[in-house]
Structures are given as structure tokens and as C-alpha cells.
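Student: What follows is upload_13.cif, made up of mmCIF, C-alpha atoms and all ligand atoms; chains and numbers go by the auth columns:
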data_final
#
loop_
_atom_site.group_PDB
_atom_site.id
_atom_site.type_symbol
_atom_site.label_atom_id
_atom_site.label_comp_id
_atom_site.label_asym_id
_atom_site.label_seq_id
_atom_site.Cartn_x
_atom_site.Cartn_y
_atom_site.Cartn_z
_atom_site.B_iso_or_equiv
_atom_site.auth_seq_id
_atom_site.auth_asym_id
ATOM 1 C CA LYS A 1 -7.313 19.322 5.069 0.00 1 A
ATOM 2 C CA HIS A 2 -3.721 18.683 6.144 0.00 2 A
ATOM 3 C CA GLU A 3 -2.434 17.159 9.326 0.00 3 A
ATOM 4 C CA VAL A 4 0.870 16.890 11.183 0.00 4 A
ATOM 5 C CA VAL A 5 1.016 14.183 13.846 0.00 5 A
ATOM 6 C CA PHE A 6 3.400 14.038 16.802 0.00 6 A
ATOM 7 C CA ILE A 7 4.231 10.658 18.271 0.00 7 A
ATOM 8 C CA GLY A 8 6.739 9.397 20.801 0.00 8 A
ATOM 9 C CA ARG A 9 7.395 7.213 23.767 0.00 9 A
ATOM 10 C CA SER A 10 6.039 8.734 26.952 0.00 10 A
ATOM 11 C CA ASN A 11 8.322 11.211 28.681 0.00 11 A
ATOM 12 C CA VAL A 12 10.468 12.010 25.627 0.00 12 A
ATOM 13 C CA GLY A 13 9.382 15.642 25.847 0.00 13 A
ATOM 14 C CA LYS A 14 6.679 15.653 23.184 0.00 14 A
ATOM 15 C CA SER A 15 4.416 18.059 25.060 0.00 15 A
ATOM 16 C CA THR A 16 7.304 20.400 25.790 0.00 16 A
ATOM 17 C CA LEU A 17 8.242 20.357 22.115 0.00 17 A
ATOM 18 C CA MET A 18 4.724 21.017 20.893 0.00 18 A
ATOM 19 C CA ARG A 19 4.384 23.911 23.260 0.00 19 A
ATOM 20 C CA GLN A 20 7.615 25.373 21.871 0.00 20 A
ATOM 21 C CA LEU A 21 6.590 24.875 18.287 0.00 21 A
ATOM 22 C CA ILE A 22 3.009 25.958 18.320 0.00 22 A
ATOM 23 C CA GLY A 23 3.134 28.247 21.310 0.00 23 A
ATOM 24 C CA LEU A 24 -0.154 27.086 22.657 0.00 24 A
ATOM 25 C CA LYS A 25 -0.922 25.584 25.961 0.00 25 A
ATOM 26 C CA VAL A 26 -0.210 21.960 25.293 0.00 26 A
ATOM 27 C CA ARG A 27 -0.901 19.883 28.333 0.00 27 A
ATOM 28 C CA VAL A 28 2.484 19.153 29.872 0.00 28 A
ATOM 29 C CA GLY A 29 3.172 16.870 32.777 0.00 29 A
ATOM 30 C CA LYS A 30 -0.103 15.034 32.506 0.00 30 A
ATOM 31 C CA ARG A 31 -0.186 11.699 34.173 0.00 31 A
ATOM 32 C CA PRO A 32 1.376 9.248 31.692 0.00 32 A
ATOM 33 C CA GLY A 33 -0.912 6.612 30.317 0.00 33 A
ATOM 34 C CA VAL A 34 -4.014 8.559 31.181 0.00 34 A
ATOM 35 C CA THR A 35 -4.528 10.305 27.870 0.00 35 A
ATOM 36 C CA GLN A 36 -5.549 7.511 25.550 0.00 36 A
ATOM 37 C CA ARG A 37 -6.912 9.683 22.798 0.00 37 A
ATOM 38 C CA PRO A 38 -5.280 12.096 20.380 0.00 38 A
ATOM 39 C CA ASN A 39 -5.344 15.762 21.294 0.00 39 A
ATOM 40 C CA TYR A 40 -6.028 18.162 18.454 0.00 40 A
ATOM 41 C CA TYR A 41 -4.888 21.697 17.775 0.00 41 A
ATOM 42 C CA GLN A 42 -6.219 23.653 14.827 0.00 42 A
ATOM 43 C CA PHE A 43 -4.127 26.201 12.894 0.00 43 A
ATOM 44 C CA GLY A 44 -6.064 27.653 10.024 0.00 44 A
ATOM 45 C CA ASP A 45 -6.476 24.652 7.782 0.00 45 A
ATOM 46 C CA LEU A 46 -3.698 22.697 9.483 0.00 46 A
ATOM 47 C CA LEU A 47 -4.535 20.102 12.070 0.00 47 A
ATOM 48 C CA VAL A 48 -1.799 19.335 14.601 0.00 48 A
ATOM 49 C CA THR A 49 -2.256 16.107 16.505 0.00 49 A
ATOM 50 C CA ASP A 50 -0.674 14.985 19.742 0.00 50 A
ATOM 51 C CA MET A 51 -0.847 11.205 19.991 0.00 51 A
ATOM 52 C CA PRO A 52 -0.725 9.575 23.390 0.00 52 A
ATOM 53 C CA GLY A 53 2.784 8.560 24.456 0.00 53 A
ATOM 54 C CA TYR A 54 3.514 4.871 23.975 0.00 54 A
ATOM 55 C CA GLY A 55 5.862 2.378 25.550 0.00 55 A
ATOM 56 C CA TYR A 56 6.519 1.390 29.078 0.00 56 A
ATOM 57 C CA MET A 57 4.912 3.525 31.724 0.00 57 A
ATOM 58 C CA LYS A 58 4.911 3.005 35.418 0.00 58 A
ATOM 59 C CA GLY A 59 1.519 1.801 36.518 0.00 59 A
ATOM 60 C CA VAL A 60 0.258 1.022 33.030 0.00 60 A
ATOM 61 C CA ASP A 61 -0.060 -2.647 32.289 0.00 61 A
ATOM 62 C CA TYR A 62 1.164 -4.515 29.264 0.00 62 A
ATOM 63 C CA ARG A 63 -2.266 -4.980 27.722 0.00 63 A
ATOM 64 C CA LYS A 64 -2.918 -1.265 27.845 0.00 64 A
ATOM 65 C CA GLN A 65 0.399 -0.577 26.148 0.00 65 A
ATOM 66 C CA HIS A 66 -0.601 -2.897 23.350 0.00 66 A
ATOM 67 C CA LYS A 67 -3.946 -1.227 22.968 0.00 67 A
ATOM 68 C CA LEU A 68 -2.222 2.108 22.671 0.00 68 A
ATOM 69 C CA ARG A 69 0.096 0.845 19.980 0.00 69 A
ATOM 70 C CA ASP A 70 -2.879 -0.553 18.063 0.00 70 A
ATOM 71 C CA LEU A 71 -4.710 2.732 18.414 0.00 71 A
ATOM 72 C CA ILE A 72 -1.759 4.618 16.943 0.00 72 A
ATOM 73 C CA VAL A 73 -1.374 2.173 14.068 0.00 73 A
ATOM 74 C CA LYS A 74 -5.079 2.330 13.252 0.00 74 A
ATOM 75 C CA TYR A 75 -5.082 6.111 13.458 0.00 75 A
ATOM 76 C CA PHE A 76 -2.374 6.358 10.810 0.00 76 A
ATOM 77 C CA GLU A 77 -4.071 3.785 8.597 0.00 77 A
ATOM 78 C CA ASP A 78 -7.370 5.639 8.765 0.00 78 A
ATOM 79 C CA ASN A 79 -5.999 9.129 8.258 0.00 79 A
ATOM 80 C CA ALA A 80 -2.940 8.567 6.061 0.00 80 A
ATOM 81 C CA PRO A 81 -4.246 10.531 3.048 0.00 81 A
ATOM 82 C CA ARG A 82 -4.433 13.801 4.945 0.00 82 A
ATOM 83 C CA ILE A 83 -1.274 13.355 7.022 0.00 83 A
ATOM 84 C CA VAL A 84 1.484 15.488 5.547 0.00 84 A
ATOM 85 C CA CYS A 85 4.109 14.524 8.028 0.00 85 A
ATOM 86 C CA ALA A 86 4.722 12.719 11.302 0.00 86 A
ATOM 87 C CA VAL A 87 7.179 13.987 13.877 0.00 87 A
ATOM 88 C CA GLN A 88 8.553 11.093 15.882 0.00 88 A
ATOM 89 C CA VAL A 89 10.154 12.343 19.057 0.00 89 A
ATOM 90 C CA VAL A 90 12.914 10.237 20.611 0.00 90 A
ATOM 91 C CA ASP A 91 15.216 10.698 23.599 0.00 91 A
ATOM 92 C CA ALA A 92 18.818 11.320 22.550 0.00 92 A
ATOM 93 C CA LYS A 93 20.241 9.560 25.536 0.00 93 A
ATOM 94 C CA SER A 94 18.116 6.426 25.772 0.00 94 A
ATOM 95 C CA PHE A 95 16.939 5.709 22.224 0.00 95 A
ATOM 96 C CA SER A 96 19.762 3.431 21.090 0.00 96 A
ATOM 97 C CA GLU A 97 19.888 1.679 24.436 0.00 97 A
ATOM 98 C CA VAL A 98 16.151 0.949 24.411 0.00 98 A
ATOM 99 C CA VAL A 99 16.300 -0.289 20.823 0.00 99 A
ATOM 100 C CA ASP A 100 19.193 -2.622 21.605 0.00 100 A
ATOM 101 C CA ARG A 101 17.480 -3.971 24.699 0.00 101 A
ATOM 102 C CA TRP A 102 14.420 -4.934 22.657 0.00 102 A
ATOM 103 C CA ASP A 103 16.575 -6.370 19.892 0.00 103 A
ATOM 104 C CA GLY A 104 18.397 -8.435 22.474 0.00 104 A
ATOM 105 C CA ARG A 105 15.109 -9.964 23.553 0.00 105 A
ATOM 106 C CA GLY A 106 14.273 -10.752 19.951 0.00 106 A
ATOM 107 C CA GLU A 107 11.482 -8.210 19.883 0.00 107 A
ATOM 108 C CA VAL A 108 10.905 -5.368 17.466 0.00 108 A
ATOM 109 C CA PRO A 109 11.377 -2.065 19.275 0.00 109 A
ATOM 110 C CA ILE A 110 8.131 -0.144 19.071 0.00 110 A
ATOM 111 C CA ASP A 111 9.866 3.029 17.909 0.00 111 A
ATOM 112 C CA LEU A 112 11.375 1.223 14.953 0.00 112 A
ATOM 113 C CA GLU A 113 8.173 -0.635 14.233 0.00 113 A
ATOM 114 C CA LEU A 114 6.231 2.614 14.011 0.00 114 A
ATOM 115 C CA PHE A 115 8.978 4.261 12.002 0.00 115 A
ATOM 116 C CA ALA A 116 8.899 1.471 9.418 0.00 116 A
ATOM 117 C CA PHE A 117 5.123 1.381 9.450 0.00 117 A
ATOM 118 C CA LEU A 118 4.910 5.094 8.606 0.00 118 A
ATOM 119 C CA ARG A 119 7.364 4.605 5.770 0.00 119 A
ATOM 120 C CA ASP A 120 5.190 1.809 4.385 0.00 120 A
ATOM 121 C CA LEU A 121 2.203 4.159 4.487 0.00 121 A
ATOM 122 C CA ASN A 122 4.261 6.756 2.608 0.00 122 A
ATOM 123 C CA ILE A 123 3.972 9.213 5.460 0.00 123 A
ATOM 124 C CA PRO A 124 7.133 11.325 5.699 0.00 124 A
ATOM 125 C CA VAL A 125 8.698 11.101 9.135 0.00 125 A
ATOM 126 C CA ILE A 126 10.962 13.592 10.815 0.00 126 A
ATOM 127 C CA VAL A 127 12.755 12.096 13.802 0.00 127 A
ATOM 128 C CA ALA A 128 13.151 14.794 16.435 0.00 128 A
ATOM 129 C CA VAL A 129 16.034 13.743 18.674 0.00 129 A
ATOM 130 C CA ASN A 130 15.177 15.567 21.871 0.00 130 A
ATOM 131 C CA LYS A 131 17.089 16.347 25.055 0.00 131 A
ATOM 132 C CA MET A 132 20.333 16.972 23.170 0.00 132 A
ATOM 133 C CA ASP A 133 21.290 19.151 26.130 0.00 133 A
ATOM 134 C CA ASN A 134 21.899 15.906 28.028 0.00 134 A
ATOM 135 C CA ILE A 135 24.711 14.958 25.631 0.00 135 A
ATOM 136 C CA TYR A 136 28.246 16.341 25.845 0.00 136 A
ATOM 137 C CA ASP A 137 29.215 18.351 22.788 0.00 137 A
ATOM 138 C CA ARG A 138 32.051 15.997 21.916 0.00 138 A
ATOM 139 C CA GLU A 139 29.646 13.036 21.906 0.00 139 A
ATOM 140 C CA LYS A 140 26.807 14.577 19.942 0.00 140 A
ATOM 141 C CA ASN A 141 27.825 13.304 16.499 0.00 141 A
ATOM 142 C CA MET A 142 28.449 9.814 17.809 0.00 142 A
ATOM 143 C CA VAL A 143 25.069 9.655 19.533 0.00 143 A
ATOM 144 C CA LEU A 144 23.309 10.921 16.408 0.00 144 A
ATOM 145 C CA ASP A 145 25.198 8.479 14.163 0.00 145 A
ATOM 146 C CA ASP A 146 24.094 5.639 16.448 0.00 146 A
ATOM 147 C CA ILE A 147 20.485 6.735 16.166 0.00 147 A
ATOM 148 C CA ALA A 148 20.717 7.146 12.393 0.00 148 A
ATOM 149 C CA LEU A 149 22.162 3.660 12.073 0.00 149 A
ATOM 150 C CA ARG A 150 19.325 2.096 14.037 0.00 150 A
ATOM 151 C CA LEU A 151 16.796 3.898 11.866 0.00 151 A
ATOM 152 C CA GLY A 152 18.441 2.399 8.814 0.00 152 A
ATOM 153 C CA PHE A 153 20.235 5.564 7.673 0.00 153 A
ATOM 154 C CA SER A 154 23.911 5.061 7.021 0.00 154 A
ATOM 155 C CA PRO A 155 26.045 7.458 9.038 0.00 155 A
ATOM 156 C CA PRO A 156 27.050 10.202 9.167 0.00 156 A
ATOM 157 C CA TRP A 157 23.720 11.446 10.446 0.00 157 A
ATOM 158 C CA SER A 158 24.457 14.841 8.893 0.00 158 A
ATOM 159 C CA GLY A 159 23.647 13.305 5.525 0.00 159 A
ATOM 160 C CA TRP A 160 20.078 12.908 6.774 0.00 160 A
ATOM 161 C CA MET A 161 19.356 16.349 8.123 0.00 161 A
ATOM 162 C CA ASP A 162 16.050 16.415 6.271 0.00 162 A
ATOM 163 C CA ARG A 163 14.882 13.466 8.440 0.00 163 A
ATOM 164 C CA ILE A 164 16.808 13.807 11.671 0.00 164 A
ATOM 165 C CA ALA A 165 16.458 16.956 13.742 0.00 165 A
ATOM 166 C CA PRO A 166 18.492 17.190 16.950 0.00 166 A
ATOM 167 C CA ILE A 167 16.634 19.471 19.354 0.00 167 A
ATOM 168 C CA SER A 168 16.330 20.552 22.916 0.00 168 A
ATOM 169 C CA ALA A 169 12.696 21.344 23.515 0.00 169 A
ATOM 170 C CA LYS A 170 13.263 22.454 27.060 0.00 170 A
ATOM 171 C CA LYS A 171 15.869 25.006 25.990 0.00 171 A
ATOM 172 C CA GLY A 172 13.712 26.189 23.111 0.00 172 A
ATOM 173 C CA ASP A 173 16.314 24.933 20.685 0.00 173 A
ATOM 174 C CA VAL A 174 14.009 23.686 17.942 0.00 174 A
ATOM 175 C CA ASP A 175 14.842 25.877 14.946 0.00 175 A
ATOM 176 C CA HIS A 176 16.032 23.137 12.638 0.00 176 A
ATOM 177 C CA LEU A 177 12.888 21.090 13.198 0.00 177 A
ATOM 178 C CA ARG A 178 10.727 24.152 12.704 0.00 178 A
ATOM 179 C CA LYS A 179 12.404 24.800 9.373 0.00 179 A
ATOM 180 C CA LEU A 180 11.917 21.216 8.219 0.00 180 A
ATOM 181 C CA LEU A 181 8.227 21.421 9.081 0.00 181 A
ATOM 182 C CA LYS A 182 7.843 24.740 7.290 0.00 182 A
ATOM 183 C CA ASP A 183 9.483 23.321 4.182 0.00 183 A
ATOM 184 C CA LYS A 184 7.188 20.318 4.325 0.00 184 A
ATOM 185 C CA LEU A 185 4.095 22.489 4.621 0.00 185 A
ATOM 186 C CA ARG A 186 5.255 24.811 1.861 0.00 186 A
ATOM 187 C CA SER A 187 5.768 21.871 -0.467 0.00 187 A
ATOM 188 C CA ILE A 188 2.215 20.586 -0.089 0.00 188 A
ATOM 189 C CA LYS A 189 0.746 23.959 -1.001 0.00 189 A
ATOM 190 C CA ARG A 190 2.436 23.526 -4.370 0.00 190 A
ATOM 191 C CA PRO A 191 1.749 19.905 -5.219 0.00 191 A
ATOM 192 C CA ASP A 192 2.994 20.477 -8.766 0.00 192 A
ATOM 193 C CA LEU A 193 6.557 20.975 -7.548 0.00 193 A
HETATM 194 P P1 LIG B . 5.924 13.803 27.090 0.00 1 B
HETATM 195 O O1 LIG B . 5.459 12.734 28.035 0.00 1 B
HETATM 196 O O2 LIG B . 6.659 13.219 25.941 0.00 1 B
HETATM 197 O O3 LIG B . 4.855 14.750 26.670 0.00 1 B
HETATM 198 O O4 LIG B . 7.052 14.624 27.880 0.00 1 B
HETATM 199 P P2 LIG B . 6.989 16.055 28.617 0.00 1 B
HETATM 200 O O5 LIG B . 6.979 17.168 27.620 0.00 1 B
HETATM 201 O O6 LIG B . 5.939 16.043 29.652 0.00 1 B
HETATM 202 O O7 LIG B . 8.461 16.052 29.277 0.00 1 B
HETATM 203 C C1 LIG B . 8.907 14.981 30.081 0.00 1 B
HETATM 204 C C2 LIG B . 10.094 15.445 30.903 0.00 1 B
HETATM 205 O O8 LIG B . 11.211 15.710 30.065 0.00 1 B
HETATM 206 C C3 LIG B . 9.826 16.749 31.649 0.00 1 B
HETATM 207 O O9 LIG B . 10.445 16.662 32.904 0.00 1 B
HETATM 208 C C4 LIG B . 10.502 17.792 30.782 0.00 1 B
HETATM 209 O O10 LIG B . 10.911 18.925 31.502 0.00 1 B
HETATM 210 C C5 LIG B . 11.680 17.029 30.247 0.00 1 B
HETATM 211 N N1 LIG B . 12.182 17.567 28.977 0.00 1 B
HETATM 212 C C6 LIG B . 11.456 17.911 27.888 0.00 1 B
HETATM 213 N N2 LIG B . 12.251 18.394 26.910 0.00 1 B
HETATM 214 C C7 LIG B . 13.530 18.335 27.380 0.00 1 B
HETATM 215 C C8 LIG B . 14.811 18.694 26.842 0.00 1 B
HETATM 216 O O11 LIG B . 14.955 19.173 25.729 0.00 1 B
HETATM 217 N N3 LIG B . 15.899 18.478 27.651 0.00 1 B
HETATM 218 C C9 LIG B . 15.782 17.956 28.908 0.00 1 B
HETATM 219 N N4 LIG B . 16.907 17.793 29.604 0.00 1 B
HETATM 220 N N5 LIG B . 14.591 17.618 29.439 0.00 1 B
HETATM 221 C C10 LIG B . 13.478 17.802 28.693 0.00 1 B
#
In C-alpha cells, how does this file's structure come out?

Tutor:
Amino acid sequence: KHEVVFIGRSNVGKSTLMRQLIGLKVRVGKRPGVTQRPNYYQFGDLLVTDMPGYGYMKGVDYRKQHKLRDLIVKYFEDNAPRIVCAVQVVDAKSFSEVVDRWDGRGEVPIDLELFAFLRDLNIPVIVAVNKMDNIYDREKNMVLDDIALRLGFSPPWSGWMDRIAPISAKKGDVDHLRKLLKDKLRSIKRPDL
């Protein structure tokens, strides 16, 4: 059994993306913070998992946010052997700003914490940088370099196109991510390669 897990801060467009990628009715626009359990979608022998969105949400208290983070961490620990890949969805416009704000407070930004945690578990991560349609063309490379840098990848981001996939889920612009996922799934069917 193989599994692909989608994670992301709430409101980054994870549901929109999953609906684009897998074409099923993924629940979009659900009240944030309400879904506290993973949602599963089955594709032949592939399990696709939608983890609850983490991070700050209006009306969801701090303790609940922590519980959610712990749930996500535990989920990956428990299921690591069957997880082929995690797709971490981030918001092109606010990612670097949010990371810097946390850094400034001396806290570890949850996105980076999870990113590092997945690496330690040897789970390959593709960072889907969503809402690229909000960024002016002339600023796209700069924004992506900033994100790469914060993830620990030395710019230019284009050197990391196997890990960083700029997308616009709303516009259906997800081809690069789809290709990365396909490659990943193809490679596990031939473990000798
Ligand atoms: P989730 O909480 O991460 O599942 O986010 P949703 O998929 O519910 O989307 C949150 C909001 O972001 C909605 O208003 C979406 O229409 C919007 N959104 C999703 N993808 C994109 C995108 O690629 N570009 C823009 N501009 N908005 C998007």
C-alpha cells in the first residue's frame, strides 16, 4: 500500500488543489478548524490523504492548534513506511512573511518544522507554492527564491524544480506538480531503479 499525503496551513488552497489533481469532490470551503481528522481518497492501490489545515485560524484556540500539529506529527510517525511522498502546500504571497514573523519571535515556524520533520523521517516532500497568480510575473523568481532560501535550498529556486512546484490551483495550473507526483509514483513501482 502506498500513500501520498497533502498538508498545509489552512486556507492555502489545499482542497482546491486536490480537487484539481484528483478530480474528485474534495470538500472545499469547509469551516476551518472543524475537520480534525484526515480525509482519505482511494485510487486503486494508492491512498491520497488530506490532512487538516494547521496554523492560525480565526475562532480556533491555541491549544487546539497545538493538538492539530501533534496529530499531524504522530500521523507521519505512524505511517511513514507507506508514505511515498508528502505535498506541502504553501501560499506564495505570505509564506516568507509568516516564516519571518515567527523567526522574529524566536519561534520555529510550523511550516518549516514540519518540513524538517518529514526530511528526518525520510519522506520526500514536494512544496507546492500555490496562488502564483497573485504574484506579478516580474516578481515570480524573486518570490520563489525567497521561499527556497527559507526551506534551506540555495537559490535559484529553479535548481530545485524536483522539490518546488509553483502552481495556481484555482486556475488549474498544476501541471508541473502533477508531473512530479507521477514521476514519484512511477519510481516506487520499480524499487530496483
Ligand atoms: P484550504 O483551506 O487549504 O483547503 O483552502 P481552499 O482550497 O478552501 O481555498 C482557500 C481560498 O483560497 C479559497 O477562497 C480559494 O478560492 C482560494 N484559492 C485556492 N487556490 C488558489 C489559487 O491558486 N489562487 C488564488 N488566487 N486563490 C486560490

Student: Where does the PyMOL selection byres (((chain A and resi 168) around 7) and not hetatm) land in this file, that is, which residues does it pick, as a list in words?

Tutor: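 Answer for the PyMOL selection byres (((chain A and resi 168) around 7) and not hetatm): Asn130, Lys131, Met132, Asp133, Ile167, Ala169, Lys170, Lys171, Gly172, Asp173 and Val174 of chain A.
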
Student: Determine, for each residue of chain A having at least one atom at most 9 Å from an atom of ligand LIG 1 (chain B), the closest pair of atoms and their separation in Å to one decimal, counting all atoms listed in the file; order by chain and ascending number, as a Markdown table.

Tutor:
| residue | atom | partner | partner_atom | distance |
| --- | --- | --- | --- | --- |
| A:Ile7 | CA | B:LIG1 | O2 | 8.4 |
| A:Gly8 | CA | B:LIG1 | O2 | 6.4 |
| A:Arg9 | CA | B:LIG1 | O2 | 6.4 |
| A:Ser10 | CA | B:LIG1 | O1 | 4.2 |
| A:Asn11 | CA | B:LIG1 | O1 | 3.3 |
| A:Val12 | CA | B:LIG1 | O2 | 4.0 |
| A:Gly13 | CA | B:LIG1 | O4 | 3.3 |
| A:Lys14 | CA | B:LIG1 | O2 | 3.7 |
| A:Ser15 | CA | B:LIG1 | O3 | 3.7 |
| A:Thr16 | CA | B:LIG1 | O5 | 3.7 |
| A:Leu17 | CA | B:LIG1 | O5 | 6.5 |
| A:Met18 | CA | B:LIG1 | O5 | 8.1 |
| A:Arg19 | CA | B:LIG1 | O5 | 8.4 |
| A:Val26 | CA | B:LIG1 | O3 | 8.9 |
| A:Arg27 | CA | B:LIG1 | O3 | 7.9 |
| A:Val28 | CA | B:LIG1 | O6 | 4.7 |
| A:Gly29 | CA | B:LIG1 | O6 | 4.3 |
| A:Lys30 | CA | B:LIG1 | O6 | 6.8 |
| A:Arg31 | CA | B:LIG1 | O1 | 8.4 |
| A:Pro32 | CA | B:LIG1 | O1 | 6.5 |
| A:Asp50 | CA | B:LIG1 | O3 | 8.9 |
| A:Pro52 | CA | B:LIG1 | O3 | 8.3 |
| A:Gly53 | CA | B:LIG1 | O1 | 6.1 |
| A:Val89 | CA | B:LIG1 | O2 | 7.8 |
| A:Val90 | CA | B:LIG1 | O2 | 8.7 |
| A:Asp91 | CA | B:LIG1 | C8 | 8.6 |
| A:Val129 | CA | B:LIG1 | O11 | 9.0 |
| A:Asn130 | CA | B:LIG1 | O11 | 5.3 |
| A:Lys131 | CA | B:LIG1 | N3 | 3.6 |
| A:Met132 | CA | B:LIG1 | O11 | 6.3 |
| A:Asp133 | CA | B:LIG1 | N3 | 5.6 |
| A:Asn134 | CA | B:LIG1 | N4 | 5.6 |
| A:Ile167 | CA | B:LIG1 | O11 | 6.6 |
| A:Ser168 | CA | B:LIG1 | O11 | 3.4 |
| A:Ala169 | CA | B:LIG1 | O11 | 3.8 |
| A:Lys170 | CA | B:LIG1 | O11 | 3.9 |
| A:Lys171 | CA | B:LIG1 | O11 | 5.9 |
| A:Gly172 | CA | B:LIG1 | O11 | 7.6 |
| A:Asp173 | CA | B:LIG1 | O11 | 7.8 |

Student: Tell me, in Å to one decimal, how far atom CA of A:Lys1 is from atom CA of A:Ile126.

Tutor: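 Interatomic distance here is 20.0 Å.
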
Student: Just checking: using only C-alpha atoms, which residue out of A:Ile72, A:Leu121, A:Leu112, A:Cys85 ends up closest to A:Val98?

Tutor: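 With only C-alpha atoms as the atom set, the closest residue is A:Leu112.
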
Student: Within 8 Å of A:Val48, counting all atoms listed in the file, which residues qualify if same-chain residues fewer than 5 places away don't, as an MDAnalysis selection string?

Tutor: chainID A and resid 3:6 40:43

Student: Using all atoms listed in the file, which of A:Gly44, A:Pro38, A:Gly55, A:Pro166 sits nearest A:Tyr75?

Tutor: A:Pro38

Student: The PyMOL selection byres (((chain A and resi 71) around 12) and not hetatm) - which residues does that actually catch in the file I just gave you? List them as a list of chain:residue names.

Tutor: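 Expected selection for the PyMOL selection byres (((chain A and resi 71) around 12) and not hetatm) here is A:Ile7, A:Gln36, A:Arg37, A:Pro38, A:Met51, A:Pro52, A:Gly53, A:Tyr54, A:Lys64, A:Gln65, A:His66, A:Lys67, A:Leu68, A:Arg69, A:Asp70, A:Ile72, A:Val73, A:Lys74, A:Tyr75, A:Phe76, A:Glu77, A:Asp78, A:Leu114.
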